[in-house]
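Structure data follow from query.txt (compact mmCIF, C-alpha atoms):
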# COMPACT_ATOMS: atom_id res chain seq x y z
CA MET A 1 -45.82 -1.80 -40.76
CA ARG A 2 -48.11 -4.37 -39.16
CA GLN A 3 -51.82 -4.69 -39.86
CA LYS A 4 -54.46 -6.22 -37.64
CA ARG A 5 -56.25 -8.18 -40.33
CA THR A 6 -55.66 -9.19 -43.91
CA ALA A 7 -57.61 -6.56 -45.80
CA GLN A 8 -57.99 -8.54 -49.02
CA GLN A 9 -57.33 -12.15 -49.89
CA SER A 10 -54.73 -12.93 -52.49
CA LEU A 11 -55.51 -14.47 -55.85
CA PHE A 12 -53.05 -17.25 -54.99
CA ASP A 13 -54.93 -18.37 -51.88
CA PRO A 14 -55.70 -22.10 -52.06
CA GLU A 15 -59.22 -23.43 -52.40
CA PRO A 16 -60.87 -25.17 -49.44
CA VAL A 17 -60.21 -28.90 -49.13
CA HIS A 18 -62.99 -31.27 -48.16
CA HIS A 19 -61.41 -33.25 -45.35
CA PRO A 20 -62.23 -33.66 -41.63
CA VAL A 21 -59.03 -31.85 -40.61
CA ALA A 22 -59.65 -29.05 -43.07
CA ASP A 23 -63.27 -28.77 -41.92
CA ALA A 24 -62.08 -28.43 -38.32
CA LEU A 25 -59.71 -25.65 -39.35
CA GLU A 26 -62.54 -23.87 -41.14
CA ALA A 27 -64.67 -24.06 -37.98
CA ILE A 28 -61.85 -22.60 -35.91
CA SER A 29 -61.35 -19.89 -38.52
CA ALA A 30 -65.03 -18.95 -38.31
CA TRP A 31 -64.78 -18.69 -34.51
CA LEU A 32 -61.73 -16.42 -34.77
CA ASP A 33 -63.55 -14.21 -37.27
CA ALA A 34 -66.46 -13.94 -34.82
CA HIS A 35 -64.16 -12.53 -32.12
CA PRO A 36 -62.21 -9.64 -33.67
CA GLU A 37 -61.60 -8.15 -30.21
CA LEU A 38 -58.81 -10.67 -29.71
CA LEU A 39 -56.81 -8.93 -32.42
CA ASP A 40 -56.78 -5.75 -30.36
CA ALA A 41 -54.96 -7.56 -27.55
CA ILE A 42 -52.48 -9.05 -30.05
CA ALA A 43 -51.89 -5.61 -31.56
CA ALA A 44 -51.25 -4.14 -28.11
CA ASP A 45 -48.43 -6.65 -27.55
CA LEU A 46 -46.90 -6.53 -31.02
CA GLY A 47 -47.57 -2.91 -31.93
CA THR A 48 -48.84 -1.52 -35.24
CA ALA A 49 -46.33 0.97 -36.59
CA ALA A 50 -47.35 3.25 -39.44
CA CYS A 51 -44.06 2.79 -41.27
CA GLY A 52 -41.36 0.21 -41.69
CA CYS A 53 -41.16 -3.25 -43.22
CA ALA A 54 -44.43 -5.12 -43.60
CA GLY A 55 -44.54 -7.82 -40.94
CA LEU A 56 -47.00 -10.56 -40.15
CA SER A 57 -50.47 -9.29 -39.42
CA CYS A 58 -51.94 -9.74 -35.96
CA GLU A 59 -54.48 -12.13 -37.42
CA THR A 60 -51.75 -14.31 -38.93
CA VAL A 61 -49.77 -14.35 -35.68
CA LEU A 62 -52.81 -15.52 -33.71
CA ARG A 63 -53.71 -18.18 -36.24
CA CYS A 64 -50.10 -19.46 -36.42
CA ALA A 65 -50.09 -19.82 -32.64
CA VAL A 66 -53.37 -21.74 -32.75
CA LEU A 67 -52.06 -24.02 -35.51
CA LYS A 68 -48.85 -24.74 -33.57
CA HIS A 69 -50.90 -25.60 -30.48
CA LEU A 70 -53.10 -27.95 -32.49
CA ARG A 71 -50.15 -29.73 -34.13
CA GLN A 72 -48.02 -29.83 -30.93
CA GLY A 73 -44.87 -29.41 -32.99
CA THR A 74 -41.79 -27.22 -33.18
CA TRP A 75 -41.32 -23.96 -35.01
CA ARG A 76 -39.45 -25.78 -37.75
CA SER A 77 -42.35 -28.19 -38.22
CA LEU A 78 -44.78 -25.26 -38.30
CA GLU A 79 -42.72 -23.63 -41.05
CA PHE A 80 -42.81 -26.86 -43.06
CA THR A 81 -46.57 -27.21 -42.49
CA LEU A 82 -47.20 -23.73 -43.88
CA ARG A 83 -45.11 -24.50 -46.96
CA ASP A 84 -46.49 -27.99 -47.52
CA SER A 85 -50.17 -27.80 -46.57
CA ALA A 86 -52.66 -25.77 -48.56
CA SER A 87 -55.21 -25.95 -45.75
CA ALA A 88 -52.68 -24.54 -43.27
CA ARG A 89 -51.88 -21.60 -45.57
CA ARG A 90 -55.58 -20.93 -46.02
CA PHE A 91 -56.12 -21.04 -42.26
CA VAL A 92 -53.33 -18.65 -41.22
CA ARG A 93 -54.07 -16.23 -44.09
CA ALA A 94 -50.44 -15.46 -44.74
CA ASP A 95 -48.91 -14.18 -47.94
CA PRO A 96 -48.35 -17.34 -50.03
CA ILE A 97 -45.38 -15.75 -51.78
CA ARG A 98 -43.63 -14.58 -48.58
CA LEU A 99 -44.28 -17.30 -46.04
CA PRO A 100 -42.68 -16.72 -42.60
CA LYS A 101 -39.68 -18.72 -41.47
CA LYS A 102 -39.25 -20.39 -38.11
CA SER A 103 -37.28 -17.49 -36.61
CA ALA A 104 -39.96 -14.98 -37.57
CA LEU A 105 -42.71 -17.23 -36.23
CA GLN A 106 -40.93 -17.73 -32.91
CA ALA A 107 -40.18 -14.01 -32.51
CA THR A 108 -43.69 -12.77 -33.27
CA VAL A 109 -45.67 -15.43 -31.42
CA GLY A 110 -43.28 -15.24 -28.45
CA ALA A 111 -43.88 -11.48 -28.19
CA VAL A 112 -47.52 -12.06 -27.23
CA GLY A 113 -47.91 -11.72 -23.47
CA PRO A 114 -49.55 -14.18 -21.05
CA ASP A 115 -52.42 -11.79 -20.34
CA THR A 116 -53.43 -11.94 -23.99
CA TRP A 117 -53.44 -15.74 -24.02
CA GLU A 118 -55.51 -15.73 -20.85
CA ARG A 119 -58.00 -13.48 -22.60
CA VAL A 120 -58.16 -15.88 -25.54
CA ASN A 121 -58.72 -18.83 -23.20
CA ARG A 122 -61.45 -17.00 -21.30
CA CYS A 123 -63.20 -16.12 -24.55
CA LEU A 124 -63.00 -19.73 -25.69
CA LEU A 125 -64.31 -20.96 -22.34
CA HIS A 126 -67.20 -18.51 -22.51
CA THR A 127 -68.17 -19.85 -25.95
CA ALA A 128 -67.91 -23.46 -24.78
CA ARG A 129 -70.00 -22.73 -21.69
CA HIS A 130 -72.65 -20.91 -23.72
CA SER A 131 -72.91 -23.78 -26.22
CA GLY A 132 -73.00 -26.44 -23.48
CA VAL A 133 -69.77 -28.14 -24.47
CA GLU A 134 -67.78 -27.38 -21.30
CA THR A 135 -68.67 -25.77 -17.98
CA GLY A 136 -65.14 -24.93 -16.87
CA ALA A 137 -65.72 -26.26 -13.35
CA ARG A 138 -63.02 -28.93 -13.66
CA VAL A 139 -59.52 -28.93 -15.02
CA ARG A 140 -58.47 -31.76 -17.33
CA VAL A 141 -54.81 -32.75 -17.36
CA ASP A 142 -53.24 -34.97 -19.98
CA SER A 143 -51.03 -37.48 -18.15
CA ALA A 144 -50.16 -39.64 -21.15
CA LEU A 145 -46.60 -40.97 -21.17
CA THR A 146 -44.28 -39.95 -23.97
CA GLU A 147 -41.13 -41.83 -24.90
CA THR A 148 -38.06 -39.61 -24.78
CA HIS A 149 -34.33 -39.76 -24.17
CA ILE A 150 -33.07 -39.15 -20.61
CA LEU A 151 -29.62 -38.86 -19.10
CA ALA A 152 -28.37 -42.04 -17.46
CA PRO A 153 -28.23 -41.52 -13.66
CA ALA A 154 -24.55 -42.07 -12.79
CA ASP A 155 -23.30 -41.91 -9.18
CA SER A 156 -20.86 -39.12 -9.95
CA ARG A 157 -23.61 -37.09 -11.59
CA LEU A 158 -25.91 -37.53 -8.59
CA LEU A 159 -23.13 -36.49 -6.20
CA TYR A 160 -22.36 -33.39 -8.27
CA ASP A 161 -26.05 -32.45 -8.39
CA GLY A 162 -26.32 -32.85 -4.63
CA ILE A 163 -23.28 -30.62 -4.02
CA ARG A 164 -24.60 -28.02 -6.45
CA VAL A 165 -28.09 -27.87 -4.91
CA LEU A 166 -26.86 -27.87 -1.30
CA THR A 167 -24.38 -25.08 -2.06
CA ARG A 168 -27.11 -22.99 -3.64
CA LEU A 169 -29.42 -23.49 -0.64
CA LEU A 170 -26.60 -22.69 1.80
CA GLY A 171 -25.90 -19.49 -0.09
CA GLN A 172 -29.53 -18.45 0.17
CA ALA A 173 -29.52 -19.26 3.90
CA ARG A 174 -26.35 -17.21 4.35
CA GLN A 175 -28.04 -14.17 2.83
CA HIS A 176 -30.92 -14.43 5.31
CA LEU A 177 -29.06 -15.56 8.45
CA GLY A 178 -25.67 -13.95 7.99
CA SER A 179 -22.14 -15.18 7.43
CA GLU A 180 -21.68 -16.10 11.11
CA ALA A 181 -24.59 -18.53 11.08
CA VAL A 182 -23.59 -20.31 7.86
CA THR A 183 -19.99 -21.26 7.11
CA LEU A 184 -19.60 -22.11 3.45
CA HIS A 185 -16.87 -22.91 0.96
CA ASP A 186 -18.02 -23.28 -2.62
CA HIS A 187 -16.84 -26.64 -4.02
CA ARG A 188 -19.03 -26.63 -7.12
CA ARG A 189 -16.20 -25.98 -9.55
CA ALA A 190 -14.03 -28.72 -8.06
CA ALA A 191 -16.99 -31.12 -7.94
CA LYS A 192 -17.80 -30.46 -11.58
CA ARG A 193 -14.18 -31.10 -12.53
CA ARG A 194 -14.15 -34.41 -10.65
CA TYR A 195 -17.48 -35.39 -12.21
CA LEU A 196 -16.20 -34.76 -15.73
CA GLU A 197 -12.96 -36.59 -14.99
CA ALA A 198 -14.84 -39.62 -13.68
CA GLY A 199 -16.83 -39.82 -16.90
CA ALA A 200 -13.85 -39.38 -19.20
CA GLN A 201 -11.29 -41.61 -17.46
CA ARG A 202 -10.70 -45.24 -18.39
CA GLY A 203 -9.68 -47.85 -15.90
CA ARG A 204 -11.20 -48.85 -12.59
CA GLU A 205 -8.32 -47.56 -10.44
CA ARG A 206 -8.28 -44.06 -11.90
CA ARG A 207 -12.07 -43.72 -11.74
CA ALA A 208 -12.11 -44.96 -8.14
CA HIS A 209 -9.52 -42.36 -7.14
CA THR A 210 -11.52 -39.54 -8.73
CA TYR A 211 -14.73 -40.85 -7.23
CA ARG A 212 -13.18 -40.84 -3.71
CA ARG A 213 -12.18 -37.19 -4.16
CA LEU A 214 -15.74 -36.36 -5.22
CA LEU A 215 -17.05 -38.15 -2.11
CA ARG A 216 -14.79 -36.01 0.09
CA LEU A 217 -16.23 -32.86 -1.46
CA ALA A 218 -19.74 -34.16 -0.82
CA ARG A 219 -18.91 -34.90 2.84
CA ARG A 220 -17.49 -31.40 3.28
CA THR A 221 -20.66 -29.86 1.85
CA LEU A 222 -22.77 -32.00 4.20
CA GLY A 223 -20.57 -30.80 7.04
CA TYR A 224 -21.46 -27.20 6.19
CA VAL A 225 -25.14 -28.14 6.32
CA ASP A 226 -24.76 -29.87 9.69
CA GLY A 227 -22.83 -26.92 11.09
CA ALA A 228 -25.49 -24.44 9.95
CA LEU A 229 -28.23 -26.55 11.50
CA CYS A 230 -26.35 -26.90 14.79
CA ARG A 231 -25.81 -23.14 15.04
CA ARG A 232 -29.45 -22.58 14.22
CA TRP A 233 -30.62 -25.02 16.91
CA ARG A 234 -28.41 -23.44 19.58
CA ARG A 235 -30.30 -20.17 19.15
CA ARG A 236 -33.63 -21.86 19.85
CA LYS A 237 -34.99 -22.94 23.21
CA PRO A 238 -34.61 -26.63 24.16
CA CYS A 239 -37.69 -28.70 23.49
CA GLY A 240 -37.04 -30.93 26.54
CA ARG A 241 -37.95 -34.15 24.76
CA ASN A 242 -34.65 -35.99 24.45
CA ALA A 243 -31.28 -35.57 26.11
CA GLY A 244 -28.28 -35.81 23.83
CA CYS A 245 -30.19 -35.58 20.56
CA ALA A 246 -28.60 -37.62 17.80
CA ARG A 247 -29.39 -34.92 15.24
CA CYS A 248 -27.20 -32.41 17.05
CA PRO A 249 -24.57 -34.29 19.11
CA THR A 250 -22.72 -31.09 20.03
CA THR A 251 -25.58 -29.88 22.22
CA PRO A 252 -26.68 -31.54 25.50
CA THR A 253 -30.38 -31.32 24.67
CA CYS A 254 -32.52 -31.44 21.55
CA TYR A 255 -33.27 -28.04 20.10
CA ALA A 256 -36.39 -27.62 18.02
CA ALA A 257 -35.69 -26.81 14.39
Mind converting the file's structure to structure tokens?
Amino acid sequence: MRQKRTAQQSLFDPEPVHHPVADALEAISAWLDAHPELLDAIAADLGTAACGCAGLSCETVLRCAVLKHLRQGTWRSLEFTLRDSASARRFVRADPIRLPKKSALQATVGAVGPDTWERVNRCLLHTARHSGVETGARVRVDSALTETHILAPADSRLLYDGIRVLTRLLGQARQHLGSEAVTLHDHRRAAKRRYLEAGAQRGRERRAHTYRRLLRLARRTLGYVDGALCRRWRRRKPCGRNAGCARCPTTPTCYAA
């Protein structure tokens, strides 16, 4: 059974804390209370069954999503925030004895559809426009850099990625143009095997041998691309610009792509 709102506050609810962050949460809570129509959209996505186990209320789900967006954290960090912070528990209005875990938070908040979040954003924009805070005529994008771990760009990895992407594109072209227009042999499994071998092998000679085999697979895939382009150009009318086009040496004239 899922309710829209918390009918009655618990005796164990924490008292308000006088702090700028807590005051901001109280202001957001007052705005959510002033727009109860948003809970109807949340209830339409989650459903309110008349029987069954008592789940998180629609109000708690919406407030947990807002708190996660404000903190910019993970579901695990949101679970810890609800257990550690009295202001967070007061804001989400959850049962202090049965606080939700990260799996329950992810499942319930993830069940809310994009149309509902668009409705929440439009309601927020309407309030900001009415109060003169924001007009909504421009879009602000945060382009701040964040330090993170990335995969080192190895040559074998780049070759494998190129073979994988080209094979996927050739397969899509074969579905549209037919098997006669695109000749293709899938070398992705062999390329992945050579890529993993190049990363695991020790010794310059062994790695060089594996790398040469990976290069041959890449050249074969490029040959399939060149063949598909040549067949495609033969079906077009000659553009008459250059004789013996270097892009398609098998044809006497340049064919427009």
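For the pair CA of Asp45 (chain A) and CA of Val112 (chain A), the interatomic distance is 5.5 Å.
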Closest of A:Leu82, A:Leu67, A:Ile42, A:Leu56 to Pro114 (chain A) - atom-to-atom distances counting all atoms listed in the file: A:Ile42
- prompt: Hey, what's within 12 Å of Trp31 (chain A) if we count only C-alpha atoms and toss same-chain stuff fewer than 4 positions away? As a PyMOL selection string, please?
  reply: chain A and resi 24-27+35-38+63+66+91+120+123-124+127-128
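Among the candidates A:Arg193, A:His130, A:Arg89, A:Arg220, the residue lying nearest to Thr167 (chain A) is A:Arg220 (atoms considered: only C-alpha atoms).
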- request: Quick one: pull the distance between CA of Ala30 (chain A) and CA of Ser87 (chain A), Å, one decimal.
  value: 14.2 Å
query: Within 10 Å of (-43.7, -9.9, -41.2), all atoms listed in the file: residues as a PyMOL selection string?
result: chain A and resi 1-3+53-58+60-61+94-95+98-101+104-105+108
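Residues in contact range of Ala190 (chain A), defined as at most 12 Å between all atoms listed in the file, with sequence neighbours fewer than 4 positions away removed, read Tyr160, Ile163, Arg164, His185, Asp186, Arg194, Tyr195, Leu196, Glu197, Thr210, Arg213, Leu214, Leu215, Arg216, Leu217, Ala218 and Thr221 of chain A.
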Would you save the residues of that selection, restricted to C-alpha atoms, as a PDB file, in the frame of the given file?
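Contents of the output file again-v2.pdb:
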ATOM      1  CA  TYR A 160     -22.360 -33.390  -8.270  1.00  0.00           C
ATOM      2  CA  ILE A 163     -23.280 -30.620  -4.020  1.00  0.00           C
ATOM      3  CA  ARG A 164     -24.600 -28.020  -6.450  1.00  0.00           C
ATOM      4  CA  HIS A 185     -16.870 -22.910   0.960  1.00  0.00           C
ATOM      5  CA  ASP A 186     -18.020 -23.280  -2.620  1.00  0.00           C
ATOM      6  CA  ARG A 194     -14.150 -34.410 -10.650  1.00  0.00           C
ATOM      7  CA  TYR A 195     -17.480 -35.390 -12.210  1.00  0.00           C
ATOM      8  CA  LEU A 196     -16.200 -34.760 -15.730  1.00  0.00           C
ATOM      9  CA  GLU A 197     -12.960 -36.590 -14.990  1.00  0.00           C
ATOM     10  CA  THR A 210     -11.520 -39.540  -8.730  1.00  0.00           C
ATOM     11  CA  ARG A 213     -12.180 -37.190  -4.160  1.00  0.00           C
ATOM     12  CA  LEU A 214     -15.740 -36.360  -5.220  1.00  0.00           C
ATOM     13  CA  LEU A 215     -17.050 -38.150  -2.110  1.00  0.00           C
ATOM     14  CA  ARG A 216     -14.790 -36.010   0.090  1.00  0.00           C
ATOM     15  CA  LEU A 217     -16.230 -32.860  -1.460  1.00  0.00           C
ATOM     16  CA  ALA A 218     -19.740 -34.160  -0.820  1.00  0.00           C
ATOM     17  CA  THR A 221     -20.660 -29.860   1.850  1.00  0.00           C
TER      18      THR A 221
END
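When all atoms listed in the file are used to compute distances to His69 (chain A), the closest of the residues A:Val139, A:Ala181, A:Val109, A:Leu169 turns out to be A:Val109.
Here CA of Gly227 (chain A) and CA of Gly178 (chain A) stand 13.6 Å from one another.
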- request: Identify, on the basis of only C-alpha atoms, every residue whose closest approach to Gly199 (chain A) does not exceed 12 Å; exclude the query and any residue fewer than 3 positions from it along the same chain; express the result as a ChimeraX atom specification.
  value: /A:152-157,192-196,202-204,206-208,210-211
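You can rank A:Gly162, A:Gly171, A:Pro16, A:Gly136 by their closest distance to Arg122 (chain A) using all atoms listed in the file, and at the top of that list sits A:Gly136.
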- request: Find the residues near Ser77 (chain A): any atom within 9 Å, counting all atoms listed in the file, skip ones fewer than 6 places away on the same chain, and give them as a list in words.
  value: Lys68, Arg71 and Lys102 of chain A
Reconstruct N, CA and C atoms of region 83-111 of chain A; output as an mmCIF file, in the frame of the given file.
data_model
loop_
_atom_site.group_PDB
_atom_site.id
_atom_site.type_symbol
_atom_site.label_atom_id
_atom_site.label_comp_id
_atom_site.auth_asym_id
_atom_site.auth_seq_id
_atom_site.Cartn_x
_atom_site.Cartn_y
_atom_site.Cartn_z
ATOM 1 N N ARG A 83 -45.590 -24.378 -45.590
ATOM 2 C CA ARG A 83 -45.110 -24.500 -46.960
ATOM 3 C C ARG A 83 -45.675 -25.729 -47.668
ATOM 4 N N ASP A 84 -46.075 -26.728 -46.913
ATOM 5 C CA ASP A 84 -46.490 -27.990 -47.520
ATOM 6 C C ASP A 84 -48.010 -28.122 -47.611
ATOM 7 N N SER A 85 -48.731 -27.576 -46.649
ATOM 8 C CA SER A 85 -50.170 -27.800 -46.570
ATOM 9 C C SER A 85 -50.926 -26.588 -47.099
ATOM 10 N N ALA A 86 -51.818 -26.847 -48.041
ATOM 11 C CA ALA A 86 -52.660 -25.770 -48.560
ATOM 12 C C ALA A 86 -53.704 -25.345 -47.543
ATOM 13 N N SER A 87 -54.217 -26.286 -46.776
ATOM 14 C CA SER A 87 -55.210 -25.950 -45.750
ATOM 15 C C SER A 87 -54.606 -25.090 -44.652
ATOM 16 N N ALA A 88 -53.340 -25.353 -44.291
ATOM 17 C CA ALA A 88 -52.680 -24.540 -43.270
ATOM 18 C C ALA A 88 -52.461 -23.118 -43.766
ATOM 19 N N ARG A 89 -52.059 -22.952 -45.026
ATOM 20 C CA ARG A 89 -51.880 -21.600 -45.570
ATOM 21 C C ARG A 89 -53.205 -20.862 -45.653
ATOM 22 N N ARG A 90 -54.264 -21.566 -45.962
ATOM 23 C CA ARG A 90 -55.580 -20.930 -46.020
ATOM 24 C C ARG A 90 -56.034 -20.527 -44.611
ATOM 25 N N PHE A 91 -55.674 -21.322 -43.616
ATOM 26 C CA PHE A 91 -56.120 -21.040 -42.260
ATOM 27 C C PHE A 91 -55.399 -19.829 -41.671
ATOM 28 N N VAL A 92 -54.082 -19.745 -41.834
ATOM 29 C CA VAL A 92 -53.330 -18.650 -41.220
ATOM 30 C C VAL A 92 -53.455 -17.350 -42.001
ATOM 31 N N ARG A 93 -53.872 -17.411 -43.257
ATOM 32 C CA ARG A 93 -54.070 -16.230 -44.090
ATOM 33 C C ARG A 93 -52.789 -15.413 -44.225
ATOM 34 N N ALA A 94 -51.725 -16.112 -44.513
ATOM 35 C CA ALA A 94 -50.440 -15.460 -44.740
ATOM 36 C C ALA A 94 -50.218 -15.262 -46.226
ATOM 37 N N ASP A 95 -49.252 -14.427 -46.552
ATOM 38 C CA ASP A 95 -48.910 -14.180 -47.940
ATOM 39 C C ASP A 95 -48.290 -15.450 -48.521
ATOM 40 N N PRO A 96 -48.913 -16.083 -49.513
ATOM 41 C CA PRO A 96 -48.350 -17.340 -50.030
ATOM 42 C C PRO A 96 -47.005 -17.181 -50.705
ATOM 43 N N ILE A 97 -46.663 -15.976 -51.113
ATOM 44 C CA ILE A 97 -45.380 -15.750 -51.780
ATOM 45 C C ILE A 97 -44.280 -15.520 -50.755
ATOM 46 N N ARG A 98 -44.608 -14.879 -49.622
ATOM 47 C CA ARG A 98 -43.630 -14.580 -48.580
ATOM 48 C C ARG A 98 -44.067 -15.261 -47.289
ATOM 49 N N LEU A 99 -43.907 -16.558 -47.236
ATOM 50 C CA LEU A 99 -44.280 -17.300 -46.040
ATOM 51 C C LEU A 99 -43.236 -17.088 -44.951
ATOM 52 N N PRO A 100 -43.638 -16.978 -43.682
ATOM 53 C CA PRO A 100 -42.680 -16.720 -42.600
ATOM 54 C C PRO A 100 -41.808 -17.939 -42.311
ATOM 55 N N LYS A 101 -40.588 -17.670 -41.885
ATOM 56 C CA LYS A 101 -39.680 -18.720 -41.470
ATOM 57 C C LYS A 101 -39.808 -18.968 -39.970
ATOM 58 N N LYS A 102 -39.095 -19.987 -39.508
ATOM 59 C CA LYS A 102 -39.250 -20.390 -38.110
ATOM 60 C C LYS A 102 -38.795 -19.306 -37.142
ATOM 61 N N SER A 103 -37.759 -18.549 -37.503
ATOM 62 C CA SER A 103 -37.280 -17.490 -36.610
ATOM 63 C C SER A 103 -38.300 -16.368 -36.490
ATOM 64 N N ALA A 104 -38.937 -16.018 -37.606
ATOM 65 C CA ALA A 104 -39.960 -14.980 -37.570
ATOM 66 C C ALA A 104 -41.198 -15.444 -36.800
ATOM 67 N N LEU A 105 -41.571 -16.693 -36.970
ATOM 68 C CA LEU A 105 -42.710 -17.230 -36.230
ATOM 69 C C LEU A 105 -42.448 -17.231 -34.735
ATOM 70 N N GLN A 106 -41.259 -17.670 -34.338
ATOM 71 C CA GLN A 106 -40.930 -17.730 -32.910
ATOM 72 C C GLN A 106 -40.864 -16.330 -32.304
ATOM 73 N N ALA A 107 -40.328 -15.361 -33.048
ATOM 74 C CA ALA A 107 -40.180 -14.010 -32.510
ATOM 75 C C ALA A 107 -41.539 -13.328 -32.342
ATOM 76 N N THR A 108 -42.411 -13.471 -33.333
ATOM 77 C CA THR A 108 -43.690 -12.770 -33.270
ATOM 78 C C THR A 108 -44.662 -13.430 -32.292
ATOM 79 N N VAL A 109 -44.764 -14.747 -32.336
ATOM 80 C CA VAL A 109 -45.670 -15.430 -31.420
ATOM 81 C C VAL A 109 -45.156 -15.319 -29.981
ATOM 82 N N GLY A 110 -43.836 -15.368 -29.795
ATOM 83 C CA GLY A 110 -43.280 -15.240 -28.450
ATOM 84 C C GLY A 110 -43.444 -13.857 -27.859
ATOM 85 N N ALA A 111 -43.693 -12.844 -28.703
ATOM 86 C CA ALA A 111 -43.880 -11.480 -28.190
ATOM 87 C C ALA A 111 -45.259 -11.268 -27.582
#
